[in-house]
Structures are given as C-alpha cells and as structure tokens.
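Student: Can you keep this structure in mind? I'll have questions shortly.
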Amino acid sequence: MSTHVQPGVAGRAHRGRAVRVLLVGIALLYVVVLIVAPLAGIVYYGLRSGFGAIGDTFSQPDVVHAFYLTFLIMLIAVAVTTVFGLAVAFVLARDRFPGKSLLSALVNLPLAVSPVVVGLMAILLFGRGGWFESFFTAQGIQIVFALPSMVLVTIFISIPFVIREVVPLLDELGMDEEQAAWTLGASRLQTFFRITLPNIRWGLFYGMALSAARSIGEVGAVLVVSGLLQGRTETATLYILRAFDQYQPEQGYIVALTLASFSIVLLMAIEFFKRRSVKAAGQE
Amino acid sequence: MAIGVRNVTKRFGDFVALDDVSLAIPTGSLTVLLGPSGSGKSTLLRVIAGLEQPDSGEVAIFETDATDLPPQKRGVGFVFQHYASFKRMSVRDNVAFGLKIQKRPKKEIRSRVEELLELVQLHGLADRYPSQLSGGQRQRMALARALAVEPRVLLLDEPFGALDARVRKELRAWLRRLHDEAPVTTVLVTHDQEEAMEVADRVAVVNRGRIEQYGKPRDLYEHPATEFVMTFVGPVTRFGEAYIRPHDLEVELERGRGNQEATIERIVHLGFEVRVELSLPGGERLEVQLTKREAERLELLNGQRVFIRPSRVAEVEQDAPGAGIVS
C-alpha cells in the first residue's frame with residue numbers, strides 16, 4: 001500500500017510546485033505590466049526633457065499654485081477626517097443605539113459612490129438653485145467653483161479610511177485599560193491621550209496616510225465642483241489634465257512624476273504604519 | 001462602615017442585574033461577594049467603583065454619598081479579572097501611573113514604586129512589559145498599581161479567575177497575608193466558594209441580583225439561610241427530603257436505631273478524603289465523605305451493604321445569622 005501511495009504523493013507535490021511557480025509568475029507579470037511599467041514610463045518621460053524643463057515647470061505660477069492647492073486641500077481633509085473619524089469610530093465601537101448598523105454601512109458609502117457623482121451631489125446642494133445656495137450667497141460665501149466645495153468633496157471621499165482602521169482596534173482594545181486608568185484618577189482626556197491613543201496610534205496613522213493618498217489623487221469630484229479656473233481652482237491632478245489638453249505633455253509628465261513620488265513616499269509610510277500596527281497587535 | 005449600599009437596583013435592558021440590594025461593609029474587613037456567574041456580584045462591585053451607574057439606590061463610601069461621583073473621585077482601587085495591564089507601559093510605569101496623574105514629585109514616585117514592587121515581589125521585573133509576565137505576575141502588578149494611589153477601598157473583580165489552580169491558591173493565601181499586614185477595606189468577587197471561605201472575614205452570597213445571606217464564612221456553612229446558600233457554599237447530598245453535607249453522614253456496619261440501609265456503589269480515594277457513593281433501596285443515590293482513617297477502619301468494599309446515619313443536621317434556617325437584607 002505504502003509503495004503504491006508514494007509516487008502519487010511525489011507527483012502531487014511536483015504538481016503543487018508547478019502551480020505555485022505559475023501563480024508567482026502570473027502575479028509578477030500582472031504587477032510589472034500594470035504597475036511597474038506605467039511607473040517607469042512616468043519616470044522616463046518626466047526626466048527625459050532634463051532638469052532644465054523641471055526648473056521651468058516649477059517656476060510657472062500655475063504649477064506652484066496647483067501644488068499649493070492640492071496640499072492645502074489634503075491637509076484640511078486629513079485633519080477633518082481624523083478628528084471626526086475618531087469621534088465616529090468611538091461611537092461605533094463603544095455605544096449601542098438604534099440605527100448603529102445603518103451608520104456603520106453609511107460610513108463606507110464614499111468607497112462605493114463614483115467621485116463624479118459625489119461632485120454632482122455637491123453641485124446640487126450648493127450650486128445655482130441648490131438647497132443651501134441662497135443661504136451661503138446671502139453670507140457672501142462662494143462654495144461651488146471655489147475652495148470650500150473642493151475641500152468638501154475631498155473630505156466626503158476620505159471619510160471611511162480613519163474610521164475603518166480605528167474601529168476594529170477599539171473593539172479589540174476593549175474598555176478595561178481605560179476603566180483602570182479612571183479608577184487611578186485619570187480624567188477622560190488624560191485617559192485618551194495616555195492609554196487609548198498609544199494603543200490605536202499606528203492604525204490611526206495608517207488611516208490618515210490612506211486619507212492623504214486619496215486626497216492627493218482625487219480628480220473626478222474636484223473636477224466637477226472646481227469649475228476649472230486656471231490658477232485659482234486648479235489642483236495638481238487637474239493641472240495634469242489641462243497640460244495634456246493643451247498639448248504641453250512635458251509639464252504634465254513632470255507634475256505627474258512629482259505627484260507619483262509623493263504617493264510613493266506615502267505608500268512607504270503606510271507600509272511602515274501597517275507593520276507597526278500588526279506588531280503592536282501581536283504584543284498581547 | 002467603609003461602604004454602604006442602599007436599595008440599589010440596576011437593569012441591563014430586561015435583565016435585572018441587581019434587585020434592591022443593600023449591604024454594609026465594615027472598615028478594614030475583607031469581604032467576599034460570592035455567587036454564580038450572572039448573579040450580579042460583579043455588577044455590584046462595579047456600582048461601588050462607579051464604573052456602572054445604578055438605576056436607583058445609593059452608594060456611600062466612608063459615610064459620604066458617592067452615588068453621583070465618577071470613578072476618579074471615589075478613592076477606590078480596582079483590579080480586573082483580565083488584569084487590564086497598560087500594554088504599552090513597563091511594569092514600573094504601570095505601577096507609577098496613578099502617582100504620575102497626581103503629579104507627585106519624581107523622587108517620591110520612584111521610591112513608592114520600588115516599595116510596591118517589593119511588596120508584590122516583582123522588584124526584578126520593573127523594566128519588563130506586561131506581555132513578558134505570567135498571569136500571576138500581571139495580576140500582582142495590577143494590585144501594586146491599584147495600591148499605589150492608597151485607595152480607601154480595594155475592589156477585586158474575580159482577580160484570580162484567569163489563573164491556573166496552583167497559582168490561584170498561592171495568590172489568595174498571599175492576598176490574605178497582605179490584608180492582615182495592611183488592612184485596607186477590601187471587597188473581592190468570586191464564584192469559587194473555597195476561595196471565599198479561605199480569604200473572607202465576611203461573605204455575601206449573591207444570587208439572581210439579590211443577597212441571600214451575609215455573614216461569617218462558618219455561619220454560612222453551618223447555618224445557611226436558604227437552600228441556595230446551603231448548596232452553593234459547600235458540598236451537599238440529598239438525604240430523604242433535606243440536603244445534608246456529605247461529611248455529616250456516618251457509615252455504620254450494623255443495623256441500629258435511626259440508621260438506614262444502603263449499598264456502596266463506588267469508593268473514590270482523594271488522599272485524605274474518601275468519597276463513598278451509595279444507593280438507597282429506593283434507588284436514590286447519595287454521597288458520604290469520610291476521612292482516610294475512618295474508611296480504613298471500616299474496611300469498605302464496593303457492593304457492600306452498610307447503614308448510614310446523619311450525625312448532625314445542618315438544615316436551612318430561616319432565622320440564620322445574616323439571612324435576608326442586611327443594613
């Protein structure tokens with residue numbers, strides 16, 4: 001019996017290895033063709049015209065303003081989604097109330113809705129004839145085709161990331177450590193900064209990095225609400241679009257390369273935070 | 001009186017965790033709240049600590065109304081079943097936490113922490129992290145952490161529940177010694193009657209959100225107020241219509257007045273104790289506890305016909321000490 005089985009096992013092991021080699025091959029090919037190749041393309045085209053062109057591009061006020069706007073929007077969106085995201089995460093993890101599962105599902109909605117639709121919703125609310133238009137017009141505040149609406153849609157799109165990362169951490173943490181801190185005299189605020197935050201910080205940073213990456217890369221929603229006012233409501237991604245439209249691909253490549261480099265730095269940060277988070281979780 | 005609980009009721013949805021409970025805990029005592037899981041004993045402890053708000057009733061700590069005080073202001077130390085160690089802090093920082101919150105001088109904190117680590121026998125492990133400690137060590141750290149702020153009342157919620165039997169035994173003997181050296185008023189919650197009997201000055205037996213009896217361990221054992229207390233605080237066997245402790249039955253070899261015929265079904269040797277399982281002619285089963293010496297003298301065998309006699313009847317006494325609500 002045993003002599004009969006062994007060749008079969010060996011054959012199966014052999015086949016197993018072949019399948020594994022094939023899978024690794026497919027994975028590599030997939031990543032190289034779809035991710036590495038385009039990245040290499042951007043690096044090549046971005047650097048092809050030399051450092052002089054890069055200097056020229058960055059001396060254009062439009063380009064400088066586009067980056068300024070991109071990072072300004074990112075900062076506001078990350079700050080808002082972090083503060084409110086933490087609040088929502090605490091409510092979802094710690095409280096029981098009717099409609100909780102609905103709230104939990106709603107939080108993920110921005111992941112499912114197309115950004116263009118998000119932009120359209122903002123126009124419907126704040127644009128001409130929108131529900132809130134008259135209120136803000138009376139205050140003299142321009143929402144649509146201006147910074148406020150661009151920030152608003154970016155926030156909307158970045159809402160889920162912090163919440164999704166922090167809720168499971170809070171669930172796992174439980175309340176024992178916090179209650180122990182209370183009985184030792186720590187106020188709620190002291191408990192948050194000394195006990196809760198250190199326990200969730202890597203997950204929180206991870207969520208913030210995801211939010212930042214998403215904000216920087218956003219095109220669709222911002223495109224709809226910005227009104228495409230060159231040098232005023234034009235973010236870096238919108239600048240790239242216009243550069244290609246107006247047959248100035250060189251500058252488009254350079255801006256794209258800069259943006260991509262920043263995303264890669266963020267990606268590395270994300271990986272770092274994720275590892276710390278996993279390591280921290282293992283420290284039970 | 002260190003802790004006064006008056007007419008406390010607490011519901012979780014439809015579930016009544018505490019049903020009009022009153023309890024007075026004397027200063028310097030070690031009181032055990034004993035009951036099965038879900039009886040409300042932990043909820044009562046958490047109400048005393050301020051970690052749960054009662055729906056009605058009052059809690060006083062040292063004669064001061066504490067019902068509306070947050071846990072920070074009650075002067076209680078709390079030890080949790082699952083240690084609640086601050087995972088990201090060293091043993092030293094865990095113990096120092098309360099003192100740092102109080103902004104005590106650094107020098108004082110250092111010497112106090114050293115002193116406490118010595119007390120709980122963790123002085124060599126001050127720079128370790130909780131994940132590097134055993135369960136027993138973590139719980140001793142948690143105790144040092146709670147004692148650091150010199151609480152007026154120490155509350156322990158099943159502190160040894162997550163530990164293995166040997167460590168549990170060691171720790172409770174150690175806790176009792178600690179309490180004798182420095183008698184901080186202590187309330188300990190457990191479902192383990194042996195633990196309650198061993199450490200407590202006084203035991204409150206909790207069942208279905210009510211206190212069934214409150215008294216000295218020996219009184220509960222010998223004069224149980226209810227059938228529940230009788231069955232919960234010690235072993236029982238049914239003899240006729242009533243419960244009786246298995247060691248209150250004697251085995252005799254000759255028929256005599258007041259004894260009853262029975263057949264030995266099984267003899268279990270547990271070292272000093274020998275447990276004999278018997279059946280009565282009617283088919284009822286009961287259990288007798290003998291010492292090793294008694295069993296050897298009687299030379300009992302499986303299947304043997306013997307006669308049993310109750311030596312003293314510890315029946316449920318309605319007017320037993322500590323029966324009903326105690327104020």
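Identifiers for the structure tokens are assigned positionally: chains receive A, B, ... in sequence, residues are indexed from 1 per chain, and ligands are indexed from 1 in the order shown.
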Run DSSP on the backbone and grab whatever in stretch 63-137 of chain B lands in strand (DSSP E); send it over as a PDB file with C-alpha atoms, in the first residue's frame.
Tutor:
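Output contents, as saved in selection.pdb:
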```
ATOM      1  CA  THR B  64     -20.133  60.196  52.180  1.00  0.00           C
ATOM      2  CA  ASP B  65     -22.664  59.857  49.381  1.00  0.00           C
ATOM      3  CA  VAL B  76     -11.205  53.121  45.092  1.00  0.00           C
ATOM      4  CA  GLY B  77      -8.591  50.777  43.687  1.00  0.00           C
ATOM      5  CA  PHE B  78      -9.920  48.284  41.149  1.00  0.00           C
ATOM      6  CA  VAL B  79      -8.349  45.043  39.971  1.00  0.00           C
TER       7      VAL B  79
END
```
Student: With 9 Å as the cut-off and only C-alpha atoms counted, what is the closest atom pair between each nearby residue of chain B and chain A? Distances in Å to one decimal, ordered by chain and number, as a tab-separated table.
Tutor:
```
residue	atom	partner	partner_atom	distance
B:Ala49	CA	A:Thr183	CA	7.6
B:Gly50	CA	A:Thr183	CA	8.6
B:Leu51	CA	A:Gln179	CA	7.3
B:Pro70	CA	A:Trp182	CA	8.4
B:Pro71	CA	A:Thr183	CA	5.3
B:Gln72	CA	A:Gly185	CA	4.3
B:Lys73	CA	A:Gly185	CA	6.9
B:Arg74	CA	A:Thr183	CA	8.0
B:Gly75	CA	A:Thr183	CA	7.7
B:Val76	CA	A:Thr183	CA	6.5
B:Gly77	CA	A:Thr183	CA	6.1
B:Phe78	CA	A:Thr183	CA	6.5
B:Val79	CA	A:Ala180	CA	7.7
B:Phe80	CA	A:Asp176	CA	7.4
B:His82	CA	A:Asp176	CA	8.1
B:Tyr83	CA	A:Asp176	CA	8.2
B:Ala84	CA	A:Glu177	CA	4.9
B:Ser85	CA	A:Glu177	CA	6.5
B:Phe86	CA	A:Glu177	CA	6.1
B:Lys87	CA	A:Glu284	CA	7.3
B:Arg88	CA	A:Asn199	CA	7.2
B:Phe97	CA	A:Leu184	CA	7.4
B:Gly98	CA	A:Leu184	CA	4.8
B:Leu99	CA	A:Leu184	CA	8.3
B:Ile101	CA	A:Ala186	CA	6.1
B:Gln102	CA	A:Gly185	CA	7.6
B:Pro130	CA	A:Glu284	CA	8.4
B:Ser131	CA	A:Glu284	CA	5.8
B:Arg145	CA	A:Leu184	CA	8.2
B:Ala146	CA	A:Leu184	CA	6.9
B:Ala148	CA	A:Leu184	CA	8.8
B:Val149	CA	A:Leu184	CA	7.0
B:Pro151	CA	A:Leu184	CA	8.9
```
Student: Could you check the closest approach to B:Gly13 for each of B:Asp55, B:Ile109, B:Ala196, B:Leu44 and tell me which residue wins, using only C-alpha atoms?
Tutor: B:Asp55
Student: So that I can check the surroundings of B:Arg208, please list as a list in words every protein, DNA and RNA residue that reaches within 9 Å of it, counting only C-alpha atoms and ignoring chain neighbours fewer than 3 positions away.
Tutor: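 Once the adjacent positions are removed, what remains is Val16, Ala17, Leu18, Asp19, Gly35, Pro36, Gly38, Ser39, Gly40 and Ile211 of chain B.
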Student: Identify which of the residues A:Leu238, A:Val222, A:Ala209, A:Leu29 lies closest to A:Leu266, counting only C-alpha atoms when measuring atom-to-atom distances.
Tutor: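 So, comparing all the options, the nearest one is A:Ala209.
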Student: Would you kindly return, as a ChimeraX atom specification, each protein, DNA or RNA residue with an atom no farther than 6 Å from any atom of stretch 22-34 of chain B, considering only C-alpha atoms and excluding same-chain residues fewer than 5 positions away?
Tutor: /B:1-7,41,183-191,196,200-206,326-327
Student: Save out the residues we just selected, C-alpha atoms, as a compact mmCIF listing (two decimals), in the first residue's frame.
Tutor:
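File written: again_6.txt
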```txt
# COMPACT_ATOMS: atom_id res chain seq x y z
CA MET B 1 -18.56 51.49 57.88
CA ALA B 2 -16.42 51.73 54.75
CA ILE B 3 -19.05 51.03 52.10
CA GLY B 4 -22.77 51.40 52.33
CA VAL B 5 -25.01 50.19 49.53
CA ARG B 6 -28.65 51.09 49.93
CA ASN B 7 -31.53 49.73 47.83
CA LYS B 41 -21.91 40.20 42.03
CA PRO B 183 -5.83 46.09 56.35
CA VAL B 184 -7.27 48.19 53.54
CA THR B 185 -11.02 47.58 53.30
CA THR B 186 -11.23 45.01 50.52
CA VAL B 187 -14.13 43.58 48.52
CA LEU B 188 -13.42 40.54 46.38
CA VAL B 189 -15.79 39.00 43.86
CA THR B 190 -15.59 35.28 43.13
CA HIS B 191 -17.68 32.30 42.10
CA ALA B 196 -14.43 32.76 49.58
CA ALA B 200 -13.04 36.22 53.68
CA ASP B 201 -13.88 37.78 57.03
CA ARG B 202 -17.41 38.05 55.77
CA VAL B 203 -19.18 36.59 52.75
CA ALA B 204 -22.23 37.93 50.96
CA VAL B 205 -23.86 35.22 48.87
CA VAL B 206 -25.37 36.79 45.76
CA VAL B 326 -28.67 43.37 55.96
CA SER B 327 -28.30 47.03 56.64
```
Student: Where in stretch 200-239 of chain B does DSSP assign helix (DSSP H, G or I), given as a ChimeraX atom specification?
Tutor: /B:217-222,227-233
Student: Keeping only N, CA and C atoms, write the selected residues as an mmCIF file, in the first residue's frame.
Tutor:
```cif
data_model
loop_
_atom_site.group_PDB
_atom_site.id
_atom_site.type_symbol
_atom_site.label_atom_id
_atom_site.label_comp_id
_atom_site.auth_asym_id
_atom_site.auth_seq_id
_atom_site.Cartn_x
_atom_site.Cartn_y
_atom_site.Cartn_z
ATOM 1 N N PRO B 217 -17.966 33.222 57.162
ATOM 2 C CA PRO B 217 -17.943 32.010 56.345
ATOM 3 C C PRO B 217 -18.490 30.805 57.091
ATOM 4 N N ARG B 218 -18.114 30.659 58.352
ATOM 5 C CA ARG B 218 -18.528 29.489 59.099
ATOM 6 C C ARG B 218 -20.037 29.473 59.348
ATOM 7 N N ASP B 219 -20.616 30.663 59.586
ATOM 8 C CA ASP B 219 -22.065 30.737 59.783
ATOM 9 C C ASP B 219 -22.810 30.317 58.528
ATOM 10 N N LEU B 220 -22.300 30.759 57.366
ATOM 11 C CA LEU B 220 -22.965 30.391 56.119
ATOM 12 C C LEU B 220 -22.919 28.887 55.922
ATOM 13 N N TYR B 221 -21.789 28.310 56.278
ATOM 14 C CA TYR B 221 -21.609 26.886 56.060
ATOM 15 C C TYR B 221 -22.480 26.078 57.001
ATOM 16 N N GLU B 222 -22.524 26.512 58.273
ATOM 17 C CA GLU B 222 -23.239 25.715 59.261
ATOM 18 C C GLU B 222 -24.689 26.131 59.469
ATOM 19 N N GLU B 227 -31.828 27.441 50.799
ATOM 20 C CA GLU B 227 -31.348 26.238 50.146
ATOM 21 C C GLU B 227 -30.222 26.580 49.179
ATOM 22 N N PHE B 228 -30.353 27.747 48.536
ATOM 23 C CA PHE B 228 -29.300 28.149 47.601
ATOM 24 C C PHE B 228 -27.963 28.295 48.311
ATOM 25 N N VAL B 229 -27.973 28.963 49.459
ATOM 26 C CA VAL B 229 -26.721 29.152 50.204
ATOM 27 C C VAL B 229 -26.171 27.790 50.625
ATOM 28 N N MET B 230 -27.061 26.947 51.132
ATOM 29 C CA MET B 230 -26.669 25.596 51.543
ATOM 30 C C MET B 230 -25.941 24.881 50.416
ATOM 31 N N THR B 231 -26.520 24.915 49.211
ATOM 32 C CA THR B 231 -25.928 24.161 48.103
ATOM 33 C C THR B 231 -24.723 24.867 47.506
ATOM 34 N N PHE B 232 -24.643 26.183 47.665
ATOM 35 C CA PHE B 232 -23.563 26.905 46.983
ATOM 36 C C PHE B 232 -22.280 26.995 47.793
ATOM 37 N N VAL B 233 -22.391 27.090 49.131
ATOM 38 C CA VAL B 233 -21.169 27.323 49.898
ATOM 39 C C VAL B 233 -20.450 26.024 50.287
#
```
Student: Which distance in Å separates atom CA of A:Leu223 and atom CA of A:Thr81, to one decimal?
Tutor: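 Result for atom CA of A:Leu223 versus atom CA of A:Thr81: 20.8 Å, one decimal.
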Student: Just the residues within 12 Å of A:Leu75, please, counting only C-alpha atoms, with nothing from its chain fewer than 6 positions along; format it as a PDB file with N, CA and C atoms, in the first residue's frame.
Tutor:
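Output file around10.pdb follows:
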```
ATOM      1  N   TYR A  68       0.181  73.890  -4.279  1.00  0.00           N
ATOM      2  CA  TYR A  68      -0.262  74.532  -3.038  1.00  0.00           C
ATOM      3  C   TYR A  68      -1.694  74.112  -2.711  1.00  0.00           C
ATOM      4  N   LEU A  69      -2.562  74.179  -3.753  1.00  0.00           N
ATOM      5  CA  LEU A  69      -3.967  73.856  -3.551  1.00  0.00           C
ATOM      6  C   LEU A  69      -4.147  72.382  -3.178  1.00  0.00           C
ATOM      7  N   THR A  81     -11.079  64.561   8.628  1.00  0.00           N
ATOM      8  CA  THR A  81     -11.469  63.142   8.688  1.00  0.00           C
ATOM      9  C   THR A  81     -10.817  62.446   9.874  1.00  0.00           C
ATOM     10  N   THR A  82      -9.704  62.964  10.359  1.00  0.00           N
ATOM     11  CA  THR A  82      -9.077  62.363  11.541  1.00  0.00           C
ATOM     12  C   THR A  82      -9.897  62.662  12.795  1.00  0.00           C
ATOM     13  N   VAL A 151     -12.760  71.258  -0.996  1.00  0.00           N
ATOM     14  CA  VAL A 151     -12.421  70.638   0.290  1.00  0.00           C
ATOM     15  C   VAL A 151     -13.537  69.679   0.712  1.00  0.00           C
ATOM     16  N   THR A 154     -13.578  66.416  -1.170  1.00  0.00           N
ATOM     17  CA  THR A 154     -12.403  65.599  -0.805  1.00  0.00           C
ATOM     18  C   THR A 154     -12.598  64.963   0.568  1.00  0.00           C
ATOM     19  N   ILE A 155     -13.152  65.741   1.496  1.00  0.00           N
ATOM     20  CA  ILE A 155     -13.464  65.186   2.814  1.00  0.00           C
ATOM     21  C   ILE A 155     -14.427  64.013   2.674  1.00  0.00           C
ATOM     22  N   SER A 158     -12.792  60.964   1.608  1.00  0.00           N
ATOM     23  CA  SER A 158     -11.787  60.403   2.526  1.00  0.00           C
ATOM     24  C   SER A 158     -12.372  59.956   3.867  1.00  0.00           C
ATOM     25  N   MET A 208      -4.830  57.759   8.383  1.00  0.00           N
ATOM     26  CA  MET A 208      -4.540  59.134   7.948  1.00  0.00           C
ATOM     27  C   MET A 208      -3.726  59.135   6.649  1.00  0.00           C
ATOM     28  N   ALA A 209      -2.770  58.209   6.552  1.00  0.00           N
ATOM     29  CA  ALA A 209      -1.956  58.127   5.336  1.00  0.00           C
ATOM     30  C   ALA A 209      -2.818  57.731   4.139  1.00  0.00           C
ATOM     31  N   SER A 211      -5.998  58.363   3.858  1.00  0.00           N
ATOM     32  CA  SER A 211      -6.789  59.566   3.584  1.00  0.00           C
ATOM     33  C   SER A 211      -5.983  60.552   2.752  1.00  0.00           C
ATOM     34  N   ALA A 212      -4.734  60.757   3.149  1.00  0.00           N
ATOM     35  CA  ALA A 212      -3.878  61.712   2.452  1.00  0.00           C
ATOM     36  C   ALA A 212      -3.661  61.285   1.006  1.00  0.00           C
ATOM     37  N   ALA A 213      -3.367  60.002   0.809  1.00  0.00           N
ATOM     38  CA  ALA A 213      -3.126  59.490  -0.542  1.00  0.00           C
ATOM     39  C   ALA A 213      -4.363  59.686  -1.415  1.00  0.00           C
ATOM     40  N   ARG A 214      -5.515  59.385  -0.828  1.00  0.00           N
ATOM     41  CA  ARG A 214      -6.772  59.514  -1.566  1.00  0.00           C
ATOM     42  C   ARG A 214      -7.031  60.990  -1.921  1.00  0.00           C
ATOM     43  N   SER A 215      -6.761  61.890  -0.984  1.00  0.00           N
ATOM     44  CA  SER A 215      -6.999  63.327  -1.220  1.00  0.00           C
ATOM     45  C   SER A 215      -6.125  63.855  -2.340  1.00  0.00           C
ATOM     46  N   ILE A 216      -4.859  63.481  -2.307  1.00  0.00           N
ATOM     47  CA  ILE A 216      -3.929  63.983  -3.318  1.00  0.00           C
ATOM     48  C   ILE A 216      -4.310  63.517  -4.711  1.00  0.00           C
TER      49      ILE A 216
END
```
Student: Work out how far atom CA of A:Val166 is from atom CA of A:Ala79, in Å to one decimal.
Tutor: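 One can read the atom CA of A:Ala79 to atom CA of A:Val166 distance as 15.2 Å.
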Student: Atom CA of A:Leu125 and atom CA of A:Ala105, how far apart in Å?
Tutor: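 A separation of 22.6 Å between them.
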